[in-house]
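Text of protein.cif, listed as mmCIF, C-alpha atoms:
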```cif
data_model
loop_
_atom_site.label_atom_id
_atom_site.label_comp_id
_atom_site.auth_asym_id
_atom_site.auth_seq_id
_atom_site.Cartn_x
_atom_site.Cartn_y
_atom_site.Cartn_z
CA MET P 1 68.73 126.11 297.42
CA LYS P 2 65.85 128.35 298.51
CA ILE P 3 63.19 130.64 297.08
CA THR P 4 64.20 134.21 297.88
CA ALA P 5 61.58 136.40 296.16
CA ILE P 6 58.27 136.24 294.31
CA THR P 7 57.40 139.31 292.24
CA PRO P 8 54.17 139.93 290.27
CA TYR P 9 54.17 142.18 287.20
CA ILE P 10 51.09 143.69 285.58
CA ALA P 11 51.35 144.54 281.88
CA TYR P 12 49.02 145.95 279.21
CA ASN P 13 49.44 144.85 275.61
CA GLY P 14 46.68 146.79 273.88
CA ILE P 15 44.38 143.77 273.78
CA SER P 16 44.08 142.87 277.45
CA ASP P 17 45.85 143.03 280.77
CA LEU P 18 48.37 140.36 281.74
CA VAL P 19 49.97 139.27 285.01
CA PHE P 20 53.38 137.59 285.17
CA VAL P 21 55.29 136.20 288.15
CA LYS P 22 59.04 135.94 288.64
CA VAL P 23 60.26 133.46 291.27
CA GLU P 24 63.89 133.95 292.28
CA THR P 25 66.29 131.67 294.15
CA ASP P 26 69.56 132.04 296.04
CA GLU P 27 71.29 130.24 293.17
CA PRO P 28 72.89 133.04 291.10
CA GLY P 29 71.02 133.59 287.84
CA LEU P 30 68.40 130.91 288.53
CA PHE P 31 64.80 132.07 288.42
CA GLY P 32 61.53 131.05 286.80
CA TRP P 33 58.69 132.82 285.01
CA GLY P 34 55.01 132.13 285.43
CA GLU P 35 51.83 133.73 284.17
CA CYS P 36 48.55 134.17 286.01
CA SER P 37 46.65 136.49 283.68
CA LEU P 38 43.00 136.85 284.66
CA PRO P 39 41.74 139.63 282.39
CA ALA P 40 40.11 142.56 284.20
CA LYS P 41 41.39 141.34 287.61
CA PRO P 42 45.11 142.24 287.50
CA GLN P 43 45.29 144.07 290.82
CA GLY P 44 43.45 141.29 292.64
CA VAL P 45 45.71 138.58 291.20
CA SER P 46 48.87 140.59 291.89
CA GLY P 47 47.75 141.06 295.50
CA ALA P 48 46.99 137.36 295.84
CA VAL P 49 50.52 136.54 294.64
CA ARG P 50 51.89 138.73 297.43
CA ASP P 51 49.58 136.97 299.92
CA LEU P 52 51.08 133.63 298.90
CA GLU P 53 54.71 134.76 298.94
CA PRO P 54 55.33 134.30 302.71
CA LEU P 55 54.15 130.69 302.51
CA ILE P 56 56.95 129.50 300.26
CA LEU P 57 59.79 131.96 300.82
CA GLY P 58 62.76 129.92 301.94
CA ALA P 59 61.32 126.71 300.50
CA ASP P 60 63.08 124.39 298.08
CA PRO P 61 61.84 125.39 294.58
CA GLU P 62 62.06 121.78 293.38
CA ARG P 63 59.33 120.75 295.83
CA THR P 64 56.56 121.86 293.49
CA GLU P 65 53.90 119.59 294.98
CA TRP P 66 54.64 120.67 298.55
CA ALA P 67 54.44 124.31 297.46
CA TRP P 68 51.18 123.69 295.56
CA GLN P 69 49.55 121.99 298.53
CA ARG P 70 50.63 124.69 300.98
CA MET P 71 49.40 127.50 298.76
CA TYR P 72 46.09 125.73 298.16
CA ARG P 73 45.38 124.57 301.71
CA HIS P 74 46.93 127.34 303.78
CA ALA P 75 43.69 129.13 304.65
CA TYR P 76 40.05 128.44 305.25
CA TRP P 77 39.15 130.12 301.93
CA ARG P 78 40.15 127.94 299.01
CA GLY P 79 39.78 128.18 295.27
CA GLY P 80 38.12 130.88 293.24
CA PRO P 81 39.60 132.56 290.17
CA ILE P 82 41.87 135.11 291.87
CA GLN P 83 43.38 132.80 294.49
CA THR P 84 43.84 129.91 292.06
CA SER P 85 45.31 132.14 289.36
CA ALA P 86 47.96 133.42 291.76
CA LEU P 87 48.79 129.86 292.76
CA SER P 88 48.93 128.88 289.07
CA GLY P 89 51.48 131.53 288.16
CA ILE P 90 53.80 130.57 290.97
CA ASP P 91 53.47 126.87 290.16
CA VAL P 92 54.38 127.48 286.51
CA ALA P 93 57.45 129.47 287.57
CA LEU P 94 58.57 126.66 289.87
CA TRP P 95 58.32 124.16 287.01
CA ASP P 96 60.39 126.55 284.90
CA ILE P 97 63.06 126.50 287.62
CA ARG P 98 62.96 122.71 287.87
CA GLY P 99 63.48 122.39 284.14
CA LYS P 100 66.39 124.82 284.14
CA LEU P 101 68.03 122.91 286.98
CA ALA P 102 67.66 119.62 285.14
CA GLY P 103 68.54 121.05 281.75
CA LYS P 104 65.27 119.64 280.37
CA SER P 105 61.97 120.98 279.12
CA VAL P 106 58.92 120.80 281.34
CA ALA P 107 57.43 118.23 278.94
CA ALA P 108 60.55 116.07 279.40
CA LEU P 109 60.29 116.37 283.19
CA LEU P 110 56.68 115.22 283.05
CA GLY P 111 57.70 112.03 281.29
CA GLY P 112 58.55 113.15 277.80
CA PRO P 113 56.46 114.47 274.93
CA VAL P 114 54.13 112.16 273.02
CA ARG P 115 54.11 114.53 270.02
CA ASP P 116 56.73 116.69 268.32
CA LYS P 117 54.50 119.59 267.34
CA VAL P 118 51.18 121.01 268.43
CA LYS P 119 48.23 121.81 266.19
CA ALA P 120 46.76 125.23 266.90
CA TYR P 121 43.64 127.18 266.06
CA ALA P 122 43.31 130.95 265.68
CA ASN P 123 41.02 132.88 268.00
CA LEU P 124 39.22 135.26 265.62
CA GLY P 125 37.45 137.21 268.32
CA LEU P 126 33.98 138.74 268.47
CA SER P 127 32.02 140.11 265.55
CA LEU P 128 28.44 140.20 264.33
CA SER P 129 29.47 140.67 260.69
CA PRO P 130 29.72 137.66 258.33
CA GLU P 131 31.98 139.65 256.01
CA GLU P 132 34.32 140.64 258.81
CA PHE P 133 34.64 136.99 259.80
CA ARG P 134 35.43 136.10 256.19
CA ASP P 135 38.26 138.63 256.25
CA ARG P 136 39.59 137.32 259.56
CA VAL P 137 39.49 133.74 258.27
CA ALA P 138 41.52 134.79 255.24
CA VAL P 139 44.20 136.37 257.45
CA ALA P 140 44.41 133.26 259.63
CA MET P 141 44.60 130.92 256.63
CA ASP P 142 47.38 133.03 255.11
CA MET P 143 49.33 132.57 258.34
CA GLY P 144 48.97 128.77 258.05
CA PHE P 145 46.08 128.02 260.41
CA LYS P 146 43.82 125.12 259.50
CA ALA P 147 41.27 125.80 262.24
CA VAL P 148 39.69 128.90 263.79
CA LYS P 149 37.27 129.89 266.54
CA ILE P 150 34.66 132.64 266.39
CA TYR P 151 32.47 134.55 268.83
CA PRO P 152 29.34 135.29 266.74
CA LEU P 153 26.88 136.14 269.52
CA PRO P 154 25.30 139.51 270.17
CA ALA P 155 24.66 140.59 273.77
CA VAL P 156 21.83 138.10 274.13
CA ALA P 157 19.17 137.95 276.81
CA MET P 158 17.89 134.65 278.24
CA THR P 159 15.30 134.51 275.47
CA GLU P 160 15.87 135.76 271.94
CA GLY P 161 13.81 135.85 268.78
CA LEU P 162 14.56 134.67 265.28
CA ALA P 163 16.56 137.76 264.27
CA SER P 164 19.39 137.08 266.73
CA ILE P 165 19.57 133.41 265.80
CA ARG P 166 19.66 134.26 262.08
CA GLN P 167 22.52 136.67 262.71
CA ILE P 168 24.51 133.92 264.45
CA VAL P 169 23.73 131.46 261.66
CA ALA P 170 24.84 133.94 259.00
CA CYS P 171 28.24 134.34 260.70
CA CYS P 172 28.71 130.59 261.02
CA GLU P 173 27.73 129.96 257.41
CA ALA P 174 30.15 132.63 256.21
CA VAL P 175 33.03 131.08 258.16
CA ARG P 176 32.23 127.59 256.90
CA ASP P 177 32.06 128.88 253.33
CA ALA P 178 35.39 130.71 253.70
CA LEU P 179 37.09 127.65 255.19
CA GLY P 180 35.63 125.06 252.85
CA ASP P 181 35.13 121.48 253.93
CA ASP P 182 38.79 120.64 254.62
CA MET P 183 39.30 123.05 257.53
CA ASP P 184 37.65 123.34 260.92
CA TYR P 185 36.02 125.96 263.07
CA ALA P 186 34.58 126.20 266.57
CA ILE P 187 31.97 128.50 268.08
CA ASP P 188 32.48 130.23 271.44
CA MET P 189 29.28 131.43 273.14
CA HIS P 190 31.20 132.88 276.12
CA GLY P 191 28.64 131.48 278.57
CA ARG P 192 26.02 133.99 277.42
CA PRO P 193 22.94 131.91 276.47
CA SER P 194 20.49 130.14 278.74
CA ALA P 195 20.04 126.40 278.19
CA SER P 196 16.87 127.02 276.16
CA LEU P 197 18.53 129.55 273.88
CA SER P 198 21.67 127.45 273.51
CA ILE P 199 19.59 124.46 272.42
CA ALA P 200 17.97 126.60 269.72
CA ILE P 201 21.31 128.02 268.54
CA GLU P 202 23.00 124.61 268.36
CA GLU P 203 20.18 123.20 266.26
CA ALA P 204 20.27 126.24 263.95
CA VAL P 205 24.06 126.07 263.30
CA ARG P 206 24.42 122.29 263.29
CA HIS P 207 24.49 122.12 259.48
CA THR P 208 27.75 124.14 259.43
CA ASN P 209 29.51 121.28 261.27
CA PRO P 210 31.46 123.15 263.96
CA MET P 211 34.13 121.16 265.81
CA TRP P 212 32.57 122.18 269.09
CA ILE P 213 30.47 124.80 270.81
CA GLU P 214 32.43 126.34 273.66
CA GLU P 215 31.07 127.81 276.91
CA PRO P 216 27.53 127.21 275.59
CA VAL P 217 25.73 128.07 278.85
CA PRO P 218 26.59 130.08 281.99
CA ALA P 219 29.61 128.58 283.76
CA GLU P 220 27.75 128.72 287.07
CA SER P 221 25.12 126.16 286.02
CA ASN P 222 25.94 122.50 285.53
CA ALA P 223 22.19 121.90 285.33
CA ALA P 224 22.05 124.06 282.18
CA LEU P 225 25.02 122.16 280.74
CA GLU P 226 23.33 118.85 281.50
CA ARG P 227 20.13 119.94 279.77
CA LEU P 228 22.01 121.12 276.66
CA ALA P 229 24.06 117.91 276.56
CA GLN P 230 20.82 115.92 276.31
CA HIS P 231 19.89 117.75 273.09
CA SER P 232 23.12 118.76 271.35
CA LYS P 233 24.58 116.81 268.46
CA THR P 234 27.56 119.16 268.29
CA PRO P 235 30.38 118.38 270.77
CA LEU P 236 30.42 120.69 273.79
CA ALA P 237 33.54 122.30 275.28
CA VAL P 238 33.77 123.78 278.77
CA GLY P 239 36.26 124.59 281.46
CA GLU P 240 38.01 127.91 280.97
CA ARG P 241 36.22 129.25 284.06
CA MET P 242 36.64 126.11 286.16
CA PHE P 243 39.37 125.87 288.76
CA THR P 244 41.19 122.73 290.01
CA ARG P 245 40.29 119.10 289.49
CA TRP P 246 37.41 119.29 291.93
CA ALA P 247 35.46 121.62 289.64
CA PHE P 248 35.93 119.27 286.68
CA ARG P 249 34.90 116.11 288.48
CA GLU P 250 31.13 116.42 288.03
CA VAL P 251 31.40 117.36 284.36
CA LEU P 252 33.66 114.38 283.64
CA GLU P 253 31.73 111.85 285.69
CA ASN P 254 28.45 112.78 283.99
CA GLU P 255 29.94 113.08 280.49
CA TRP P 256 28.36 116.49 279.90
CA ALA P 257 31.17 117.67 277.62
CA GLY P 258 33.46 116.07 275.06
CA ILE P 259 36.21 118.68 275.37
CA ILE P 260 37.61 120.35 278.49
CA GLN P 261 39.57 123.58 278.35
CA PRO P 262 41.33 124.32 281.65
CA ASP P 263 43.64 127.33 281.68
CA VAL P 264 47.16 126.73 283.01
CA SER P 265 47.26 130.32 284.31
CA ASN P 266 44.00 130.02 286.24
CA ALA P 267 43.08 126.40 287.01
CA GLY P 268 46.04 125.40 289.15
CA GLY P 269 49.19 125.62 287.06
CA ILE P 270 51.15 122.82 285.43
CA SER P 271 50.87 120.56 288.49
CA GLU P 272 47.07 120.66 288.38
CA LEU P 273 46.57 120.57 284.62
CA VAL P 274 48.53 117.33 284.44
CA ARG P 275 46.02 115.83 286.87
CA ILE P 276 43.01 117.30 285.07
CA ALA P 277 44.22 116.01 281.69
CA SER P 278 44.75 112.54 283.16
CA LEU P 279 41.24 112.49 284.63
CA ALA P 280 39.78 113.58 281.29
CA GLU P 281 41.67 110.83 279.46
CA MET P 282 40.11 108.28 281.79
CA TYR P 283 36.64 109.45 280.71
CA GLY P 284 37.51 109.68 277.01
CA VAL P 285 37.37 113.48 277.02
CA THR P 286 39.61 115.68 274.89
CA PHE P 287 42.08 118.11 276.50
CA ALA P 288 42.29 121.46 274.67
CA PRO P 289 43.73 124.12 276.99
CA HIS P 290 42.38 127.67 277.10
CA ASN P 291 45.30 129.82 275.91
CA PRO P 292 44.38 133.37 274.82
CA ASN P 293 46.77 135.51 276.89
CA GLY P 294 50.54 136.00 277.16
CA PRO P 295 53.62 134.11 275.94
CA VAL P 296 54.46 132.45 279.28
CA GLN P 297 51.00 130.92 279.34
CA ALA P 298 51.55 129.81 275.74
CA ALA P 299 54.89 128.15 276.58
CA ALA P 300 53.37 126.32 279.56
CA SER P 301 50.36 125.25 277.48
CA LEU P 302 52.65 123.95 274.72
CA ASN P 303 54.60 121.80 277.15
CA LEU P 304 51.33 120.35 278.47
CA ALA P 305 49.99 119.84 274.95
CA ALA P 306 53.16 117.95 273.99
CA TYR P 307 52.82 115.71 277.03
CA ALA P 308 49.09 114.91 277.27
CA GLN P 309 47.92 111.92 275.26
CA ASN P 310 44.34 113.24 274.95
CA PHE P 311 45.34 116.70 273.69
CA SER P 312 43.77 117.89 270.40
CA LEU P 313 44.11 121.61 269.58
CA LEU P 314 45.63 124.64 271.28
CA GLU P 315 44.02 128.06 271.23
CA THR P 316 46.47 130.68 269.96
CA ARG P 317 46.56 134.45 270.05
CA HIS P 318 47.77 135.17 266.50
CA THR P 319 47.46 138.96 266.65
CA ASN P 320 49.73 141.50 268.35
CA LEU P 321 52.76 139.29 267.75
CA GLU P 322 55.06 142.31 267.39
CA TRP P 323 54.40 143.22 271.04
CA THR P 324 54.92 139.60 272.06
CA GLY P 325 58.26 139.50 270.25
CA LYS P 326 59.47 142.48 272.25
CA LEU P 327 58.57 140.75 275.51
CA SER P 328 59.40 137.14 274.82
CA SER P 329 62.07 135.00 273.22
CA TYR P 330 59.29 132.68 272.02
CA VAL P 331 56.52 133.95 269.72
CA PRO P 332 53.77 131.42 268.89
CA ARG P 333 53.66 131.27 265.07
CA VAL P 334 52.22 128.34 263.13
CA ASP P 335 53.89 126.71 260.16
CA ALA P 336 52.23 126.18 256.79
CA ASP P 337 50.37 123.14 258.15
CA GLY P 338 48.94 124.91 261.20
CA TYR P 339 51.35 123.50 263.78
CA LEU P 340 53.34 125.24 266.50
CA ALA P 341 56.90 124.17 267.15
CA MET P 342 57.90 123.63 270.76
CA PRO P 343 59.88 126.39 272.53
CA GLN P 344 63.54 125.47 272.68
CA GLY P 345 65.55 125.38 275.90
CA PRO P 346 65.15 124.06 279.43
CA GLY P 347 62.13 124.71 281.61
CA LEU P 348 59.38 126.45 279.69
CA GLY P 349 61.85 127.28 276.93
CA ILE P 350 61.14 131.00 277.11
CA GLU P 351 62.97 134.09 278.31
CA ILE P 352 61.28 137.38 279.21
CA ASP P 353 62.71 140.86 278.62
CA GLU P 354 62.19 142.22 282.11
CA GLY P 355 63.02 145.76 281.09
CA PHE P 356 60.33 145.78 278.41
CA LEU P 357 57.88 144.18 280.82
CA LYS P 358 58.43 146.93 283.37
CA SER P 359 57.78 149.53 280.67
CA GLN P 360 54.31 148.15 279.93
CA THR P 361 52.63 148.70 283.28
CA GLU P 362 50.43 151.68 282.37
CA GLY P 363 46.94 151.09 281.02
CA GLN P 364 43.44 149.89 281.72
CA TRP P 365 41.22 147.26 280.16
CA VAL P 366 37.51 147.14 281.07
CA PRO P 367 35.55 144.52 279.11
CA GLU P 368 31.82 145.24 279.12
CA SER P 369 28.74 144.41 277.12
CA PHE P 370 25.31 146.04 277.03
CA ARG P 371 22.04 144.97 275.48
CA SER P 372 20.08 147.24 273.15
CA ASP P 373 17.80 148.29 276.02
CA GLY P 374 20.78 149.46 278.09
CA SER P 375 20.81 146.53 280.49
CA ILE P 376 24.10 144.88 281.40
CA ALA P 377 24.91 141.74 279.46
CA ASP P 378 27.47 139.01 280.01
CA TRP P 379 30.75 139.95 278.36
#
```

Output the file's structure in the form of structure tokens.
Amino acid sequence: MKITAITPYIAYNGISDLVFVKVETDEPGLFGWGECSLPAKPQGVSGAVRDLEPLILGADPERTEWAWQRMYRHAYWRGGPIQTSALSGIDVALWDIRGKLAGKSVAALLGGPVRDKVKAYANLGLSLSPEEFRDRVAVAMDMGFKAVKIYPLPAVAMTEGLASIRQIVACCEAVRDALGDDMDYAIDMHGRPSASLSIAIEEAVRHTNPMWIEEPVPAESNAALERLAQHSKTPLAVGERMFTRWAFREVLENEWAGIIQPDVSNAGGISELVRIASLAEMYGVTFAPHNPNGPVQAAASLNLAAYAQNFSLLETRHTNLEWTGKLSSYVPRVDADGYLAMPQGPGLGIEIDEGFLKSQTEGQWVPESFRSDGSIADW
């Protein structure tokens, strides 16, 4: 059996742009789906998929590790978000094929699930309005979620005064009040604040007892993360913009974060996330995958969450589910207790409507953020 074609697809769902990969074989009807969504970089990722295609055309699709190593090591230039995302999508599709061949789920191929269902939290998005966050919490709770995540930061500069911090605190207090003491919430700072500002924010919101503060400092600076870790009493979560195990090594060895959040569509696929989760377990660090994009990513993340002993919570896109249902046989909906059931079927347990996918290729998504003085801020 051989790989005969690798095809990237760009789609727009009204919230973001997504990139999917179909890997086909010479076995009639046997193919796999992967996802390598890297929002705002769809053309680059799609091109990188095509760059990788000649390396594994004709290869045995069951040799996932051989394919991973060849795609990763084939050129002088390694890593980076675009290259590693393309690799990730292909790797996920190959695991989907392996599962279909074996008649087993990816979690079963990895050694079998250690849990039957996966607890999820709802990504409530960005707002600066406490009342809007209250409304979003109510919607999520009605759906069954027991935990949420919020983005309460304005387009901050490196240094901010009391007004910005009070605005953040007001949002966090509103969410805690809406949830009560029996449910949980996390704060995502999207890598916007400097270490100094992040230290001030963490101290100001500490009384609301967030589960964690995510991306609390710029992803480019481990020194900033180290400084914050020395002061923060709230657990820190990082990793959605880190790629492969080598990027996580320093964070884990120095215990700068209590939660890591690698993205299966960007950090190296299923093959690499298994390794990253295992390394994190060795250091007593929680594994909570970044999972805000499409349904193939969600299915891959669910299989990893079922398998990894140190898994805690899975990020879930709980809006735009009607669009997802048109594309995918699996739609991530929580039950009344806030848990996601595993997709059913071999491989990832998901089928994609290729016709609908091909009809969703027109659009554009340009995420930007500007400060009040007109200067460009981190999105």

Residues in the PyMOL selection byres ((chain P and resi 275-287) around 7), expressed as a VMD selection string: chain P and resid 245 252 258 to 261 271 to 274 288 to 289 308 310 to 312

Taking C-alpha atoms for each residue, export the selection above as a PDB file, keeping the file's coordinate frame.
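Listed below is the output, part_34.pdb:
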```
ATOM      1  CA  ARG P 245      40.290 119.100 289.490  1.00  0.00           C
ATOM      2  CA  LEU P 252      33.660 114.380 283.640  1.00  0.00           C
ATOM      3  CA  GLY P 258      33.460 116.070 275.060  1.00  0.00           C
ATOM      4  CA  ILE P 259      36.210 118.680 275.370  1.00  0.00           C
ATOM      5  CA  ILE P 260      37.610 120.350 278.490  1.00  0.00           C
ATOM      6  CA  GLN P 261      39.570 123.580 278.350  1.00  0.00           C
ATOM      7  CA  SER P 271      50.870 120.560 288.490  1.00  0.00           C
ATOM      8  CA  GLU P 272      47.070 120.660 288.380  1.00  0.00           C
ATOM      9  CA  LEU P 273      46.570 120.570 284.620  1.00  0.00           C
ATOM     10  CA  VAL P 274      48.530 117.330 284.440  1.00  0.00           C
ATOM     11  CA  ALA P 288      42.290 121.460 274.670  1.00  0.00           C
ATOM     12  CA  PRO P 289      43.730 124.120 276.990  1.00  0.00           C
ATOM     13  CA  ALA P 308      49.090 114.910 277.270  1.00  0.00           C
ATOM     14  CA  ASN P 310      44.340 113.240 274.950  1.00  0.00           C
ATOM     15  CA  PHE P 311      45.340 116.700 273.690  1.00  0.00           C
ATOM     16  CA  SER P 312      43.770 117.890 270.400  1.00  0.00           C
TER      17      SER P 312
END
```

For Gly347 of chain P, the nearest of the candidates P:Leu327, P:Leu236, P:Val118, P:Leu110, counting only C-alpha atoms: P:Leu110

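Picture a line from atom CA of Gln364 of chain P to atom CA of Val19 of chain P; it runs 12.9 Å.
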
Running the PyMOL selection byres ((chain P and resi 6) around 12) on this model by hand, what would come out? Give it as a compact mmCIF listing (two decimals) with C-alpha atoms, in the coordinates of the input.
```txt
# COMPACT_ATOMS: atom_id res chain seq x y z
CA LYS P 2 65.85 128.35 298.51
CA ILE P 3 63.19 130.64 297.08
CA THR P 4 64.20 134.21 297.88
CA ALA P 5 61.58 136.40 296.16
CA THR P 7 57.40 139.31 292.24
CA PRO P 8 54.17 139.93 290.27
CA TYR P 9 54.17 142.18 287.20
CA PHE P 20 53.38 137.59 285.17
CA VAL P 21 55.29 136.20 288.15
CA LYS P 22 59.04 135.94 288.64
CA VAL P 23 60.26 133.46 291.27
CA GLU P 24 63.89 133.95 292.28
CA THR P 25 66.29 131.67 294.15
CA PHE P 31 64.80 132.07 288.42
CA GLY P 32 61.53 131.05 286.80
CA TRP P 33 58.69 132.82 285.01
CA GLY P 34 55.01 132.13 285.43
CA SER P 46 48.87 140.59 291.89
CA GLY P 47 47.75 141.06 295.50
CA ALA P 48 46.99 137.36 295.84
CA VAL P 49 50.52 136.54 294.64
CA ARG P 50 51.89 138.73 297.43
CA ASP P 51 49.58 136.97 299.92
CA LEU P 52 51.08 133.63 298.90
CA GLU P 53 54.71 134.76 298.94
CA PRO P 54 55.33 134.30 302.71
CA LEU P 55 54.15 130.69 302.51
CA ILE P 56 56.95 129.50 300.26
CA LEU P 57 59.79 131.96 300.82
CA GLY P 58 62.76 129.92 301.94
CA ALA P 59 61.32 126.71 300.50
CA PRO P 61 61.84 125.39 294.58
CA ALA P 86 47.96 133.42 291.76
CA LEU P 87 48.79 129.86 292.76
CA GLY P 89 51.48 131.53 288.16
CA ILE P 90 53.80 130.57 290.97
CA ASP P 91 53.47 126.87 290.16
CA ALA P 93 57.45 129.47 287.57
CA LEU P 94 58.57 126.66 289.87
```

Test item: the PyMOL selection byres ((chain P and resi 224) around 12) resolved as a ChimeraX atom specification: /P:191-199,215-223,225-231,251,256

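Closest approach to Ile82 of chain P among P:Ala155, P:Val114, P:Ala267, P:Ala147 is made by P:Ala267 (distances from all atoms listed in the file).
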